[in-house]
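All remarks here apply to the structure that follows.
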Amino acid sequence: MGTDTLRTDAADDAAGRRREQRGWYFYDWACSVYSTSVVTVFLGPYLTSVARAAADTDGYVHPLGVPVRAGSFFAYSVSLSVIVAVLVMPLVGAAADRSGRKKPLLAAAAYTGAAATTGMFFLDGDRYLLGGLLLVVANAAQSVAMMLYNSYLPQIAPPEERDAVSSRGWAFGYAAGALVLVANLVLYTGHDSFGLTESEAVRVCLASAGLWWGAFALVPLRRLRDRRAPAREGSALPGFRQLAATVRDMRRHPLTLAFLLAYLVYNDGIQTVISQASVYGSEELGLGQSTLIVAVLLVQVLAVAGALALGRLARRYGAKRTILGSLVAWTVTLAAGYFLPAGAPGWFFVLAAGIGLVLGGSQALSRSLFSHLVPPGKEAEYFAAYELSDRGMSWLGPLLFGLTYQLTGSYRDAIVSLVAFFVIGFALLARVPVRRAIGDAGNPVPERI
């Protein structure tokens, strides 16, 4: 084969890889609107108000006969959705690995989540149980879809490109979240001029996130390619057997497992802040929905800049040190949030700016750092475990938040309780010798990590 032919084949491979990468970015563009508009901004305060409308004179609702303070219902629903996702993900991950056909499974998860989100248009009156059910379905579906989405990263990007590809994916998501939040802000603040009540405007914003998710999911589903998987023997419980096999294999790489444990803890804190911040702003600080939208929009815009800035810091100081620094910033930000005065949107915007500057970088760098700790040839298997770590204890933060509020009646105590996740996560990550972990996994050690 001639040199020109080899060059042409290499150029074609690179072009195909770039095309897949661009399609991959668009799934973040599609689903991040759900995380931003639904989970972070609108659904928490709105579902809490719906639950309060259904509450008894003592402020409790009674799903399945269990007394639950109305202000805790959203947090408990988030926790339940994560538990459902953890039960489903091993089954779906094993099916994807066994068949090599990730796209049909990604499509099923994405459109289940998009349909549930669109159905939130019908959440009105005192239908808090409908809201809880739709939240559980949508959140669990998004978790499954993100597991499949992340497992494409080792297939579409060689090691030297993964940091950049991972960061661009996050950037696409934040950009989409900011764009749709601007439209949400226009609709919500001007709902009278659109002939809508405040409740109707919120429900339109919720449903539009589902329509956006479904429409733009078509792009990655057209561009990503499935790779034929090697034949595997069947199993009566393929998902959990595969998970057990992965955990057994990870025991041969204890430092990789140690990183996953640290990530599991501090990421739980991050996810809980994302899902509960708007509830804290509305219920404890007495801020209006428009203020919350502007604050989250500020987070989205600064998260893009923060991800790029932390990426540059990682090139200079290493990813581990940069992530540790971001965890210190998270701790300081939450501690400051405890002292925010009620009815002062300016200080809430300062808090939002602090969150935005560390949010994108801490997540993007964690994903790219983990890619160096995966043994060659086991990328999809280990990234499935990574997503399970991402979601696996993400029920604990909302549960702690909800229990703290239930016991104290104070959202300030609830928000400051989350500091524990960042302190413990910092201590666990600081003990991981990442250079040795990369070498033990059989990968070349970068000059700076």
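Identifiers in the structure tokens: chain A, B, ... in order shown; residue index from 1 per chain; ligand index from 1 in order shown.
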Problem - Close residues, Asp56 of chain A itself excluded, 12 Å, only C-alpha atoms, min 5 positions apart in chain, as an MDAnalysis selection string - result: chainID A and resid 51 61:62 67:70 126
Could you take the residues named above and write them with C-alpha atoms, as a compact mmCIF listing (two decimals), in the first residue's frame?
# COMPACT_ATOMS: atom_id res chain seq x y z
CA ALA A 51 -47.03 19.73 47.11
CA VAL A 61 -48.32 15.30 52.10
CA HIS A 62 -48.86 11.54 52.32
CA PRO A 67 -46.00 11.55 55.99
CA VAL A 68 -43.56 13.82 54.16
CA ARG A 69 -43.07 17.52 54.77
CA ALA A 70 -44.09 19.28 51.53
CA ASP A 126 -52.32 19.61 43.57
Practice task
Would you kindly return, as number ranges by chain, each protein, DNA or RNA residue with an atom no farther than 8 Å from any atom of Lys103 of chain A, considering only C-alpha atoms and excluding same-chain residues fewer than 6 positions away?
Solution key: A: 221, 224-226
Using only N, CA, C and O atoms, please write the residues we just selected to a file, as a short mmCIF file (atom, residue, chain, number, x, y, z; two decimals), in the first residue's frame.
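again.cif written:
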data_model
loop_
_atom_site.label_atom_id
_atom_site.label_comp_id
_atom_site.auth_asym_id
_atom_site.auth_seq_id
_atom_site.Cartn_x
_atom_site.Cartn_y
_atom_site.Cartn_z
N LEU A 221 -27.68 10.82 17.37
CA LEU A 221 -28.17 9.53 16.93
C LEU A 221 -27.91 9.28 15.45
O LEU A 221 -27.85 8.14 14.99
N LEU A 224 -23.23 9.31 15.54
CA LEU A 224 -22.44 8.32 16.27
C LEU A 224 -22.57 6.95 15.62
O LEU A 224 -23.62 6.61 15.07
N ARG A 225 -21.49 6.17 15.69
CA ARG A 225 -21.48 4.83 15.09
C ARG A 225 -21.36 3.78 16.18
O ARG A 225 -20.61 3.95 17.14
N ASP A 226 -22.10 2.71 16.01
CA ASP A 226 -21.95 1.56 16.90
C ASP A 226 -20.78 0.71 16.43
O ASP A 226 -20.56 0.54 15.23
#
Practice task
With a distance cut-off of 9 Å and only C-alpha atoms, select the neighbouring residues of Val92 of chain A, excluding the residue or stretch itself and same-chain residues fewer than 2 positions from it, and output the selection as JSON, numbers by chain.
Solution key: {"A": [88, 89, 90, 94, 95, 96, 97, 105, 144, 148, 239]}
Mind dumping the selected residues with N, CA, C and O atoms as a CSV table (one decimal), in the first residue's frame?
chain,number,residue,atom,x,y,z
A,88,VAL,N,-31.2,0.3,37.2
A,88,VAL,CA,-31.4,0.0,35.7
A,88,VAL,C,-30.1,0.1,35.0
A,88,VAL,O,-29.9,-0.7,34.0
A,89,MET,N,-29.2,0.9,35.4
A,89,MET,CA,-27.9,1.2,34.6
A,89,MET,C,-27.1,-0.1,34.4
A,89,MET,O,-26.6,-0.3,33.3
A,90,PRO,N,-26.9,-1.0,35.4
A,90,PRO,CA,-26.1,-2.2,35.1
A,90,PRO,C,-26.7,-3.0,34.0
A,90,PRO,O,-26.0,-3.6,33.2
A,94,ALA,N,-24.8,-3.6,30.5
A,94,ALA,CA,-24.4,-4.9,30.0
A,94,ALA,C,-24.9,-5.2,28.7
A,94,ALA,O,-24.3,-5.8,27.8
A,95,ALA,N,-26.2,-4.8,28.4
A,95,ALA,CA,-26.8,-5.0,27.1
A,95,ALA,C,-26.0,-4.3,26.0
A,95,ALA,O,-25.8,-4.8,24.9
A,96,ALA,N,-25.6,-3.0,26.3
A,96,ALA,CA,-24.8,-2.2,25.3
A,96,ALA,C,-23.5,-2.9,25.1
A,96,ALA,O,-23.0,-3.0,23.9
A,97,ASP,N,-22.8,-3.3,26.1
A,97,ASP,CA,-21.5,-4.0,25.9
A,97,ASP,C,-21.6,-5.3,25.2
A,97,ASP,O,-20.7,-5.6,24.4
A,105,LEU,N,-30.3,1.9,22.4
A,105,LEU,CA,-30.5,2.1,23.9
A,105,LEU,C,-30.4,3.6,24.3
A,105,LEU,O,-31.2,4.0,25.1
A,144,VAL,N,-29.3,7.0,32.7
A,144,VAL,CA,-29.0,5.9,31.8
A,144,VAL,C,-28.4,6.4,30.5
A,144,VAL,O,-27.4,5.9,30.0
A,148,LEU,N,-24.5,5.9,28.7
A,148,LEU,CA,-24.2,5.5,27.3
A,148,LEU,C,-23.4,6.5,26.6
A,148,LEU,O,-22.5,6.2,25.8
A,239,GLY,N,-26.8,-7.7,33.7
A,239,GLY,CA,-26.3,-6.4,34.2
A,239,GLY,C,-25.6,-6.4,35.5
A,239,GLY,O,-24.5,-5.9,35.6
Problem - Coordinates-based distance that separates atom CA of Asp163 of chain A from atom CA of Arg98 of chain A (Å, one decimal) - result: 27.5 Å
Proximity check segment 131-205 of chain A to segment 29-32 of chain A, 12 Å, nearest pairs one decimal Å, only C-alpha atoms, as a Markdown table:
| residue | atom | partner | partner_atom | distance |
| --- | --- | --- | --- | --- |
| A:Ala138 | CA | A:Cys31 | CA | 10.7 |
| A:Asn139 | CA | A:Cys31 | CA | 10.8 |
| A:Ala141 | CA | A:Cys31 | CA | 10.7 |
| A:Gln142 | CA | A:Cys31 | CA | 7.7 |
| A:Ser143 | CA | A:Cys31 | CA | 10.5 |
| A:Ala145 | CA | A:Cys31 | CA | 9.3 |
| A:Met146 | CA | A:Cys31 | CA | 9.0 |
| A:Tyr149 | CA | A:Cys31 | CA | 10.8 |
| A:Arg168 | CA | A:Trp29 | CA | 10.4 |
| A:Gly169 | CA | A:Trp29 | CA | 7.9 |
| A:Trp170 | CA | A:Trp29 | CA | 8.6 |
| A:Ala171 | CA | A:Trp29 | CA | 8.6 |
| A:Phe172 | CA | A:Trp29 | CA | 5.2 |
| A:Gly173 | CA | A:Trp29 | CA | 4.4 |
| A:Tyr174 | CA | A:Ser32 | CA | 7.0 |
| A:Ala175 | CA | A:Trp29 | CA | 7.5 |
| A:Ala176 | CA | A:Trp29 | CA | 5.3 |
| A:Gly177 | CA | A:Ser32 | CA | 6.1 |
| A:Ala178 | CA | A:Ser32 | CA | 9.8 |
| A:Leu179 | CA | A:Trp29 | CA | 10.3 |
| A:Val180 | CA | A:Ser32 | CA | 10.0 |
| A:Leu181 | CA | A:Ser32 | CA | 11.2 |
Selection above as a file: N, CA and C atoms, as a short mmCIF file (atom, residue, chain, number, x, y, z; two decimals), in the first residue's frame:
data_model
loop_
_atom_site.label_atom_id
_atom_site.label_comp_id
_atom_site.auth_asym_id
_atom_site.auth_seq_id
_atom_site.Cartn_x
_atom_site.Cartn_y
_atom_site.Cartn_z
N ALA A 138 -37.94 10.87 34.34
CA ALA A 138 -37.04 11.71 33.54
C ALA A 138 -35.62 11.68 34.07
N ASN A 139 -35.46 11.77 35.38
CA ASN A 139 -34.12 11.79 35.97
C ASN A 139 -33.41 10.45 35.78
N ALA A 141 -34.02 8.23 33.41
CA ALA A 141 -33.73 8.08 31.98
C ALA A 141 -32.52 8.91 31.59
N GLN A 142 -32.40 10.12 32.14
CA GLN A 142 -31.24 10.93 31.82
C GLN A 142 -29.95 10.28 32.32
N SER A 143 -30.00 9.66 33.50
CA SER A 143 -28.82 9.00 34.04
C SER A 143 -28.38 7.85 33.14
N ALA A 145 -29.06 7.47 29.94
CA ALA A 145 -28.56 8.02 28.68
C ALA A 145 -27.16 8.59 28.82
N MET A 146 -26.88 9.26 29.96
CA MET A 146 -25.55 9.83 30.16
C MET A 146 -24.50 8.74 30.31
N TYR A 149 -23.82 7.78 26.79
CA TYR A 149 -23.14 8.91 26.13
C TYR A 149 -21.67 8.98 26.52
N ARG A 168 -15.22 20.33 25.61
CA ARG A 168 -16.15 20.91 24.62
C ARG A 168 -17.56 20.39 24.81
N GLY A 169 -17.68 19.12 25.21
CA GLY A 169 -19.02 18.60 25.49
C GLY A 169 -19.69 19.37 26.60
N TRP A 170 -18.97 19.60 27.70
CA TRP A 170 -19.53 20.40 28.80
C TRP A 170 -19.88 21.80 28.31
N ALA A 171 -18.99 22.40 27.52
CA ALA A 171 -19.22 23.77 27.04
C ALA A 171 -20.49 23.84 26.20
N PHE A 172 -20.70 22.85 25.31
CA PHE A 172 -21.93 22.82 24.51
C PHE A 172 -23.15 22.79 25.42
N GLY A 173 -23.09 21.97 26.47
CA GLY A 173 -24.21 21.87 27.38
C GLY A 173 -24.52 23.17 28.10
N TYR A 174 -23.49 23.82 28.60
CA TYR A 174 -23.68 25.09 29.29
C TYR A 174 -24.21 26.17 28.34
N ALA A 175 -23.71 26.17 27.11
CA ALA A 175 -24.18 27.15 26.13
C ALA A 175 -25.66 26.97 25.83
N ALA A 176 -26.09 25.70 25.64
CA ALA A 176 -27.50 25.44 25.40
C ALA A 176 -28.35 25.86 26.59
N GLY A 177 -27.87 25.53 27.81
CA GLY A 177 -28.60 25.91 29.00
C GLY A 177 -28.79 27.41 29.11
N ALA A 178 -27.74 28.16 28.80
CA ALA A 178 -27.83 29.62 28.85
C ALA A 178 -28.81 30.15 27.81
N LEU A 179 -28.73 29.62 26.59
CA LEU A 179 -29.60 30.09 25.51
C LEU A 179 -31.07 29.88 25.85
N VAL A 180 -31.40 28.68 26.31
CA VAL A 180 -32.81 28.39 26.63
C VAL A 180 -33.26 29.16 27.86
N LEU A 181 -32.35 29.37 28.82
CA LEU A 181 -32.74 30.15 30.00
C LEU A 181 -33.10 31.59 29.64
#
Exercise for the section: Tell me, as JSON, numbers by chain, which residues lie within 8 Å of Arg367 of chain A, counting only C-alpha atoms; anything in the same chain fewer than 4 positions away does not count. Expected result: {"A": [166, 363, 371]}
Selected residues written out with N, CA and C atoms, as a compact mmCIF listing (two decimals), in the first residue's frame:
# COMPACT_ATOMS: atom_id res chain seq x y z
N SER A 166 -13.84 16.25 25.99
CA SER A 166 -14.68 16.26 27.19
C SER A 166 -15.09 17.68 27.56
N GLN A 363 -16.07 19.17 36.98
CA GLN A 363 -16.69 18.02 36.33
C GLN A 363 -15.89 17.56 35.11
N SER A 371 -10.15 9.09 32.63
CA SER A 371 -9.81 8.39 31.38
C SER A 371 -8.37 7.88 31.40
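Residue nearest Pro158 of chain A, chosen from A:Leu403, A:Ala14, A:Val247, A:Leu334 and counting only C-alpha atoms: A:Ala14.
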Exercise for the section: Taking the DSSP assignment computed from this structure's backbone, write out as a count of residues only all residues of segment 9-255 of chain A that belong to alpha helix (DSSP H). Expected result: 180
Problem - Among listed residues A:Leu153, A:Ala309, A:Val332, A:Val350, nearest Val165 of chain A (using only C-alpha atoms) - result: A:Leu153
Handout entry: Spatial neighbours of Phe73 of chain A, 12 Å, only C-alpha atoms, chain gap at least 5 places, as a PyMOL selection string
Key = chain A and resi 43-52+54-55+59-63+66-68+78-80+128-129+131-133+135-136+276+279+398-399+401-403+405-406
Problem - Residues near segment 314-326 of chain A, cut-off 12 Å, only C-alpha atoms, skip fewer than 2 positions along chain, as JSON, numbers by chain - result: {"A": [163, 164, 259, 262, 263, 266, 267, 270, 306, 307, 308, 309, 310, 311, 312, 328, 329, 330, 331, 332, 333, 354, 355, 356, 357, 358, 359, 360, 361, 362, 363, 364, 365, 366, 367, 368, 369, 370, 371, 372, 422, 423, 424, 425, 426, 427, 428, 429, 430, 431, 432, 433, 434, 435, 445, 446, 447, 448, 449]}
Handout entry: Nearest candidate to Thr404 of chain A (options A:Trp24, A:Tyr76, A:Tyr34, A:Phe348; using only C-alpha atoms)
Key = A:Tyr76
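Residues within 9 Å of Gly214 of chain A, counting only C-alpha atoms and excluding same-chain residues fewer than 2 positions away, are A:Ala30, A:Cys31, A:Ala110, A:Tyr111, A:Gly113, A:Ala114, A:Ala115, A:Ala209, A:Gly210, A:Leu211, A:Trp212, A:Phe216, A:Ala217, A:Leu218.
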Exercise for the section: Find, counting only C-alpha atoms, the residue in A:Arg223, A:Leu123, A:Pro154, A:Lys102 that gets nearest to Gly23 of chain A. Expected result: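 Closest to Gly23 of chain A, using only C-alpha atoms: A:Arg223.
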Exercise for the section: Would you mind reading off the distance between atom CA of Val294 of chain A and atom CA of Asp192 of chain A, one decimal, in Å? Expected result: 19.1 Å
Problem - Distance criterion (only C-alpha atoms): nearest to Thr118 of chain A out of A:Ala258, A:Leu134, A:Glu20, A:Thr197 - result: A:Leu134
Problem - Coordinates-based distance that separates atom CA of Ala140 of chain A from atom CA of Tyr386 of chain A (Å, one decimal) - result: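 Between these atoms lies a distance of 15.9 Å.
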